[in-house]
Structure formats: C-alpha cells, structure tokens
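Novice: Sharing a structure with you now.
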Amino acid sequence: MKHRATFGIILLASVLLLTAAIVWPRLAHRGSDSAGAVGGQFSLTDQTGRTVTDADFRGRLMIIYFGYTWCPDVCPTTLARISQALDALTETERRAVAPIFITVDPERDTVARLAEYVAAFSPSLVGLTGSPSAIAAVTKEFHVYVQKTAETGGTYYVDHSSIIFVMDRDGHFRAALDPAATAPAMAAAIRKLL
Ligand code: NI
C-alpha cells in the first residue's frame, strides 16, 4: 500500500512538472520582457533607411537570422540556403513569410552596407541594423550570443549563435530551423509552419 502511495505521488509530481513545462513557456511569452521567452519587441532600421518594428511583420512568419556582413563563412552560407528555400516556396507561401537578417555588428553594418549585402541573397530579404544599444537589446531578447574577437591588423570577427528563428504571425517564438539543413528541407520545414 505504502509503495503504491509513493508511486502515486511520483506520478502526480511528474504530471504537474510536465504541465508546468508545457504551460509555462506559453504564459512566459505573453510578456515580451519575460526572462525565459525567446524574442520580443524591436525597433531597428532596414536597408532602405526606414525604421521598422516587430509589429510591421504581424500576419507573416518572421524568419530571423542574426549575423554580420563581414562574416567569412557561416552567415553567407546560411543566408544562401534561406534564400534558396524561399525560392522553393510558391508565390503565395513566400508572401506569408518575412525573411529578416539582423546584424550583430552595427558599427560596420551600415544601412548602405546592408542594402548591398541582402540584395545579393534575395530581393525579399530584410536587413536590419541600429544603434549598438538597440542591437544589444534585440540580441538579448533572442538570447543570441555575440562576442567580438580580438582585433588583428585592424579587423575583427564576431562570434555569434547561428540559429534561424521562426516567429509566428503574432510575433511569438514558434520554432528554430536547422541552419545546416538543405534548402529543400528548409522549405519543407517552413511550409509545415505556415
Ligand atoms: Ni556569421
């Protein structure tokens, strides 16, 4: 009997923990400043010099990648894959997504530099930059790791997380896409989220 009671308590505790684990993230992302939530509000400048906020993308899935234009390898390959995945979507599907590249290197990634860079990948890719404090705020919201490396010969690199965030039509975190996935696999993953 005693054994059975213990089992019951363990089962109940497990169910409560599981419920908390499922319910808590949903509750948490209601407030944009909740510590555990991924994503939040931002106000940045796009590659045309226009001020844009997260609210401008409501009604579309935001596909957000953080990086910088001087990145030697990971950023360009990932952005190339994202744009190939977008090409694999139908026109209607493509209109339902907003691919966004947010720089982690605002000192060097000016509006003009971003304009040239994003155009090389996809006409629909939005490039966002901002003041160092605005960029620091958005990377914090998305829990993106950013670390400038030591300067050598006047140049520096920026180590950063390589995560493709998918935010739902209300701007809440929905899923993360594998940056190493092939373009067709990525397109299939995006289509499933639409
Ligand atoms: Ni990079």
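Chains: A, B, ... in order of the structure tokens. Residues: from 1 per chain. Ligands: from 1, in order shown.
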Would you mind listing what lies within 7 Å of Ser161 in chain A as a VMD selection string, with only C-alpha atoms counted and same-chain residues fewer than 2 positions away left out?

Specialist: chain A and resid 144 to 146 163

Novice: As a CSV table (one decimal) with all heavy atoms, in the first residue's frame, please: every protein or nucleic acid residue near ligand 1 (cut-off 8 Å, counting only C-alpha atoms and all ligand atoms).

Specialist:
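Output below, filename result_21.csv:
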chain,number,residue,atom,x,y,z
A,66,PHE,N,20.5,36.1,-37.2
A,66,PHE,CA,21.4,37.1,-36.7
A,66,PHE,C,22.8,36.8,-37.2
A,66,PHE,O,23.3,35.7,-37.2
A,66,PHE,CB,21.5,37.1,-35.2
A,66,PHE,CG,20.3,37.6,-34.5
A,66,PHE,CD1,19.2,36.8,-34.3
A,66,PHE,CD2,20.2,39.0,-34.1
A,66,PHE,CE1,18.0,37.3,-33.6
A,66,PHE,CE2,19.1,39.5,-33.4
A,66,PHE,CZ,18.0,38.7,-33.2
A,67,GLY,N,23.5,37.8,-37.7
A,67,GLY,CA,24.9,37.7,-38.2
A,67,GLY,C,25.5,39.0,-38.5
A,67,GLY,O,25.0,40.0,-38.1
A,68,TYR,N,26.5,39.0,-39.4
A,68,TYR,CA,27.1,40.2,-39.8
A,68,TYR,C,27.7,40.1,-41.2
A,68,TYR,O,28.1,39.0,-41.6
A,68,TYR,CB,28.1,40.7,-38.8
A,68,TYR,CG,29.3,39.9,-38.6
A,68,TYR,CD1,30.6,40.4,-39.0
A,68,TYR,CD2,29.3,38.6,-38.1
A,68,TYR,CE1,31.8,39.6,-38.8
A,68,TYR,CE2,30.4,37.8,-38.0
A,68,TYR,CZ,31.7,38.4,-38.3
A,68,TYR,OH,32.8,37.6,-38.1
A,69,THR,N,27.7,41.1,-41.9
A,69,THR,CA,28.1,41.1,-43.4
A,69,THR,C,29.6,40.7,-43.6
A,69,THR,O,29.9,40.2,-44.7
A,69,THR,CB,27.8,42.4,-44.1
A,69,THR,OG1,28.7,43.4,-43.6
A,69,THR,CG2,26.4,42.9,-43.9
A,70,TRP,N,30.4,40.9,-42.6
A,70,TRP,CA,31.8,40.6,-42.8
A,70,TRP,C,32.1,39.1,-42.4
A,70,TRP,O,33.2,38.7,-42.4
A,70,TRP,CB,32.7,41.5,-41.9
A,70,TRP,CG,32.6,42.9,-42.3
A,70,TRP,CD1,31.7,43.8,-41.9
A,70,TRP,CD2,33.4,43.6,-43.3
A,70,TRP,NE1,31.9,45.0,-42.5
A,70,TRP,CE2,32.9,44.9,-43.4
A,70,TRP,CE3,34.4,43.2,-44.2
A,70,TRP,CZ2,33.4,45.9,-44.3
A,70,TRP,CZ3,35.0,44.2,-45.0
A,70,TRP,CH2,34.5,45.5,-45.1
A,71,CYS,N,31.1,38.4,-42.0
A,71,CYS,CA,31.2,37.0,-41.5
A,71,CYS,C,31.8,36.2,-42.7
A,71,CYS,O,31.2,36.2,-43.8
A,71,CYS,CB,29.8,36.5,-41.1
A,71,CYS,SG,29.9,34.7,-40.6
A,72,PRO,N,32.9,35.5,-42.5
A,72,PRO,CA,33.5,34.8,-43.6
A,72,PRO,C,32.8,33.6,-44.2
A,72,PRO,O,33.0,33.3,-45.3
A,72,PRO,CB,34.9,34.5,-43.1
A,72,PRO,CG,34.7,34.4,-41.6
A,72,PRO,CD,33.6,35.4,-41.3
A,73,ASP,N,32.1,32.9,-43.3
A,73,ASP,CA,31.5,31.6,-43.8
A,73,ASP,C,30.1,31.3,-43.4
A,73,ASP,O,29.2,31.1,-44.3
A,73,ASP,CB,32.4,30.5,-43.5
A,73,ASP,CG,33.0,30.6,-42.1
A,73,ASP,OD1,32.3,31.1,-41.2
A,73,ASP,OD2,34.1,30.2,-41.8
A,74,VAL,N,29.8,31.2,-42.1
A,74,VAL,CA,28.5,30.7,-41.7
A,74,VAL,C,27.3,31.6,-42.1
A,74,VAL,O,26.4,31.1,-42.7
A,74,VAL,CB,28.5,30.6,-40.1
A,74,VAL,CG1,27.1,30.0,-39.7
A,74,VAL,CG2,29.6,29.6,-39.7
A,75,CYS,N,27.5,32.9,-42.0
A,75,CYS,CA,26.3,33.8,-42.4
A,75,CYS,C,26.0,33.7,-43.9
A,75,CYS,O,24.9,33.4,-44.2
A,75,CYS,CB,26.6,35.2,-42.0
A,75,CYS,SG,26.5,35.5,-40.2
A,76,PRO,N,27.0,33.8,-44.7
A,76,PRO,CA,26.7,33.8,-46.2
A,76,PRO,C,26.1,32.4,-46.6
A,76,PRO,O,25.1,32.4,-47.4
A,76,PRO,CB,28.0,34.1,-46.9
A,76,PRO,CG,29.0,34.2,-45.9
A,76,PRO,CD,28.4,34.3,-44.5
A,158,VAL,N,33.2,38.5,-35.3
A,158,VAL,CA,32.2,38.5,-34.3
A,158,VAL,C,31.7,37.1,-34.2
A,158,VAL,O,31.0,36.6,-35.1
A,158,VAL,CB,31.0,39.5,-34.5
A,158,VAL,CG1,30.1,39.5,-33.3
A,158,VAL,CG2,31.5,40.9,-34.9
A,159,ASP,N,32.0,36.4,-33.1
A,159,ASP,CA,31.4,35.1,-32.8
A,159,ASP,C,30.0,35.3,-32.5
A,159,ASP,O,29.6,36.2,-31.7
A,159,ASP,CB,32.1,34.4,-31.7
A,159,ASP,CG,33.5,33.9,-32.0
A,159,ASP,OD1,33.8,33.8,-33.2
A,159,ASP,OD2,34.4,33.8,-31.1
A,160,HIS,N,29.1,34.5,-33.0
A,160,HIS,CA,27.7,34.6,-32.7
A,160,HIS,C,26.9,33.3,-32.9
A,160,HIS,O,27.4,32.4,-33.6
A,160,HIS,CB,27.1,35.7,-33.6
A,160,HIS,CG,27.1,35.4,-35.1
A,160,HIS,ND1,26.1,34.7,-35.7
A,160,HIS,CD2,28.0,35.6,-36.0
A,160,HIS,CE1,26.4,34.5,-37.0
A,160,HIS,NE2,27.6,35.0,-37.2
A,162,SER,N,24.3,30.7,-34.3
A,162,SER,CA,23.8,30.5,-35.6
A,162,SER,C,22.4,29.8,-35.5
A,162,SER,O,22.4,28.6,-35.4
A,162,SER,CB,24.7,29.7,-36.5
A,162,SER,OG,24.2,29.6,-37.8

Novice: Just to confirm, what's the straight-line distance from CA of Gly39 in chain A to CA of Thr78 in chain A in Å (one decimal)?

Specialist: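 So the two atoms, CA of Gly39 in chain A and CA of Thr78 in chain A, lie 20.0 Å apart.
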
Novice: Out of chain A, which residues get strand (DSSP E) from DSSP, as a PyMOL selection string?

Specialist: chain A and resi 43-46+51-53+61-67+97-103+126-129+146-148+158-160+164-167+173-177

Novice: Can you spit out the residues from that selection as a CSV table (one decimal), in the first residue's frame, using N, CA and C atoms?

Specialist:
chain,number,residue,atom,x,y,z
A,43,SER,N,12.9,47.8,-32.5
A,43,SER,CA,12.8,49.0,-33.4
A,43,SER,C,14.1,49.2,-34.0
A,44,LEU,N,14.2,48.9,-35.3
A,44,LEU,CA,15.5,49.0,-36.0
A,44,LEU,C,15.4,49.7,-37.3
A,45,THR,N,16.5,49.8,-38.0
A,45,THR,CA,16.5,50.5,-39.3
A,45,THR,C,16.7,49.5,-40.4
A,46,ASP,N,15.9,49.5,-41.5
A,46,ASP,CA,16.1,48.5,-42.5
A,46,ASP,C,17.1,49.0,-43.6
A,51,THR,N,12.6,53.1,-40.5
A,51,THR,CA,12.5,52.5,-39.1
A,51,THR,C,11.5,51.4,-39.2
A,52,VAL,N,11.8,50.2,-38.7
A,52,VAL,CA,10.8,49.1,-38.7
A,52,VAL,C,10.8,48.5,-37.3
A,53,THR,N,9.6,48.0,-37.0
A,53,THR,CA,9.5,47.4,-35.7
A,53,THR,C,8.9,46.0,-35.9
A,61,LEU,N,5.0,35.0,-41.0
A,61,LEU,CA,6.0,34.3,-40.2
A,61,LEU,C,7.3,35.1,-40.4
A,62,MET,N,7.9,35.5,-39.3
A,62,MET,CA,9.3,36.1,-39.4
A,62,MET,C,10.3,35.0,-39.3
A,63,ILE,N,11.2,35.0,-40.3
A,63,ILE,CA,12.3,34.0,-40.3
A,63,ILE,C,13.6,34.9,-40.0
A,64,ILE,N,14.0,34.8,-38.8
A,64,ILE,CA,15.1,35.7,-38.4
A,64,ILE,C,16.4,35.1,-38.2
A,65,TYR,N,17.4,35.7,-38.8
A,65,TYR,CA,18.8,35.2,-38.6
A,65,TYR,C,19.7,36.3,-38.2
A,66,PHE,N,20.5,36.1,-37.2
A,66,PHE,CA,21.4,37.1,-36.7
A,66,PHE,C,22.8,36.8,-37.2
A,67,GLY,N,23.5,37.8,-37.7
A,67,GLY,CA,24.9,37.7,-38.2
A,67,GLY,C,25.5,39.0,-38.5
A,97,VAL,N,5.7,34.9,-45.5
A,97,VAL,CA,6.9,34.9,-44.7
A,97,VAL,C,7.7,36.2,-44.9
A,98,ALA,N,8.4,36.5,-43.8
A,98,ALA,CA,9.3,37.7,-43.8
A,98,ALA,C,10.7,37.3,-43.4
A,99,PRO,N,11.6,37.1,-44.4
A,99,PRO,CA,12.9,36.7,-44.0
A,99,PRO,C,13.7,38.0,-43.5
A,100,ILE,N,14.3,37.9,-42.4
A,100,ILE,CA,15.0,39.0,-41.8
A,100,ILE,C,16.4,38.7,-41.3
A,101,PHE,N,17.3,39.5,-41.7
A,101,PHE,CA,18.7,39.4,-41.2
A,101,PHE,C,19.0,40.5,-40.3
A,102,ILE,N,19.4,40.2,-39.1
A,102,ILE,CA,19.7,41.3,-38.1
A,102,ILE,C,21.1,41.3,-37.8
A,103,THR,N,21.8,42.4,-38.0
A,103,THR,CA,23.2,42.4,-37.8
A,103,THR,C,23.6,42.4,-36.3
A,126,VAL,N,15.0,41.2,-45.7
A,126,VAL,CA,15.1,42.5,-45.0
A,126,VAL,C,16.4,42.5,-44.1
A,127,GLY,N,17.2,43.5,-44.3
A,127,GLY,CA,18.4,43.7,-43.4
A,127,GLY,C,18.1,44.7,-42.4
A,128,LEU,N,18.4,44.4,-41.1
A,128,LEU,CA,18.2,45.3,-40.1
A,128,LEU,C,19.4,45.7,-39.3
A,129,THR,N,19.6,47.0,-39.1
A,129,THR,CA,20.7,47.4,-38.2
A,129,THR,C,20.1,48.5,-37.2
A,146,VAL,N,26.8,36.9,-28.7
A,146,VAL,CA,27.6,37.8,-29.6
A,146,VAL,C,28.9,38.1,-28.8
A,147,GLN,N,30.0,37.8,-29.5
A,147,GLN,CA,31.3,38.1,-28.9
A,147,GLN,C,32.3,38.5,-29.9
A,148,LYS,N,32.7,39.8,-29.8
A,148,LYS,CA,33.7,40.3,-30.7
A,148,LYS,C,35.1,39.6,-30.4
A,158,VAL,N,33.2,38.5,-35.3
A,158,VAL,CA,32.2,38.5,-34.3
A,158,VAL,C,31.7,37.1,-34.2
A,159,ASP,N,32.0,36.4,-33.1
A,159,ASP,CA,31.4,35.1,-32.8
A,159,ASP,C,30.0,35.3,-32.5
A,160,HIS,N,29.1,34.5,-33.0
A,160,HIS,CA,27.7,34.6,-32.7
A,160,HIS,C,26.9,33.3,-32.9
A,164,ILE,N,18.2,29.9,-36.7
A,164,ILE,CA,17.2,30.5,-37.5
A,164,ILE,C,15.9,30.5,-36.7
A,165,PHE,N,15.5,31.6,-36.3
A,165,PHE,CA,14.2,31.7,-35.5
A,165,PHE,C,13.0,31.9,-36.4
A,166,VAL,N,12.0,31.1,-36.1
A,166,VAL,CA,10.7,31.3,-36.8
A,166,VAL,C,9.7,31.9,-35.8
A,167,MET,N,9.2,33.1,-36.0
A,167,MET,CA,8.2,33.7,-35.1
A,167,MET,C,6.9,33.6,-35.8
A,173,PHE,N,7.7,33.3,-30.5
A,173,PHE,CA,8.6,32.2,-31.0
A,173,PHE,C,7.8,31.0,-31.3
A,174,ARG,N,8.1,30.4,-32.5
A,174,ARG,CA,7.4,29.2,-33.0
A,174,ARG,C,8.3,28.0,-33.1
A,175,ALA,N,9.4,28.2,-33.7
A,175,ALA,CA,10.4,27.1,-33.9
A,175,ALA,C,11.7,27.6,-34.3
A,176,ALA,N,12.7,26.7,-34.3
A,176,ALA,CA,14.0,27.1,-34.8
A,176,ALA,C,14.3,26.1,-35.9
A,177,LEU,N,14.8,26.7,-37.0
A,177,LEU,CA,15.2,25.9,-38.2
A,177,LEU,C,16.7,25.5,-38.1

Novice: Could you state the separation of CA of Arg169 in chain A and CA of Val138 in chain A in Å, given to one decimal place?

Specialist: 18.4 Å

Novice: One decimal, in Å: what's the spacing between CA of Thr149 in chain A and CA of Asp105 in chain A?

Specialist: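 Interatomic distance here is 11.7 Å.
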
Novice: Quick one: of A:Arg60, A:Ala187, A:Ala180, A:Ser131, who's nearest to Arg108 in chain A, counting only C-alpha atoms?

Specialist: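 The answer is A:Ser131, which sits nearest to Arg108 in chain A.
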
Novice: Choose the residue, out of A:Leu79, A:Ala189, A:His172, A:Ala37, that has the smallest atom-to-atom separation from Ala119 in chain A; count only C-alpha atoms.

Specialist: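 That would be A:Leu79, the residue with the smallest distance to Ala119 in chain A.
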
Novice: For the structure I just gave you, how does DSSP split range 60-106 of chain A - specifically, which residues are helix (DSSP H, G or I)? Reply as a PyMOL selection string.

Specialist: chain A and resi 74-87+91-95
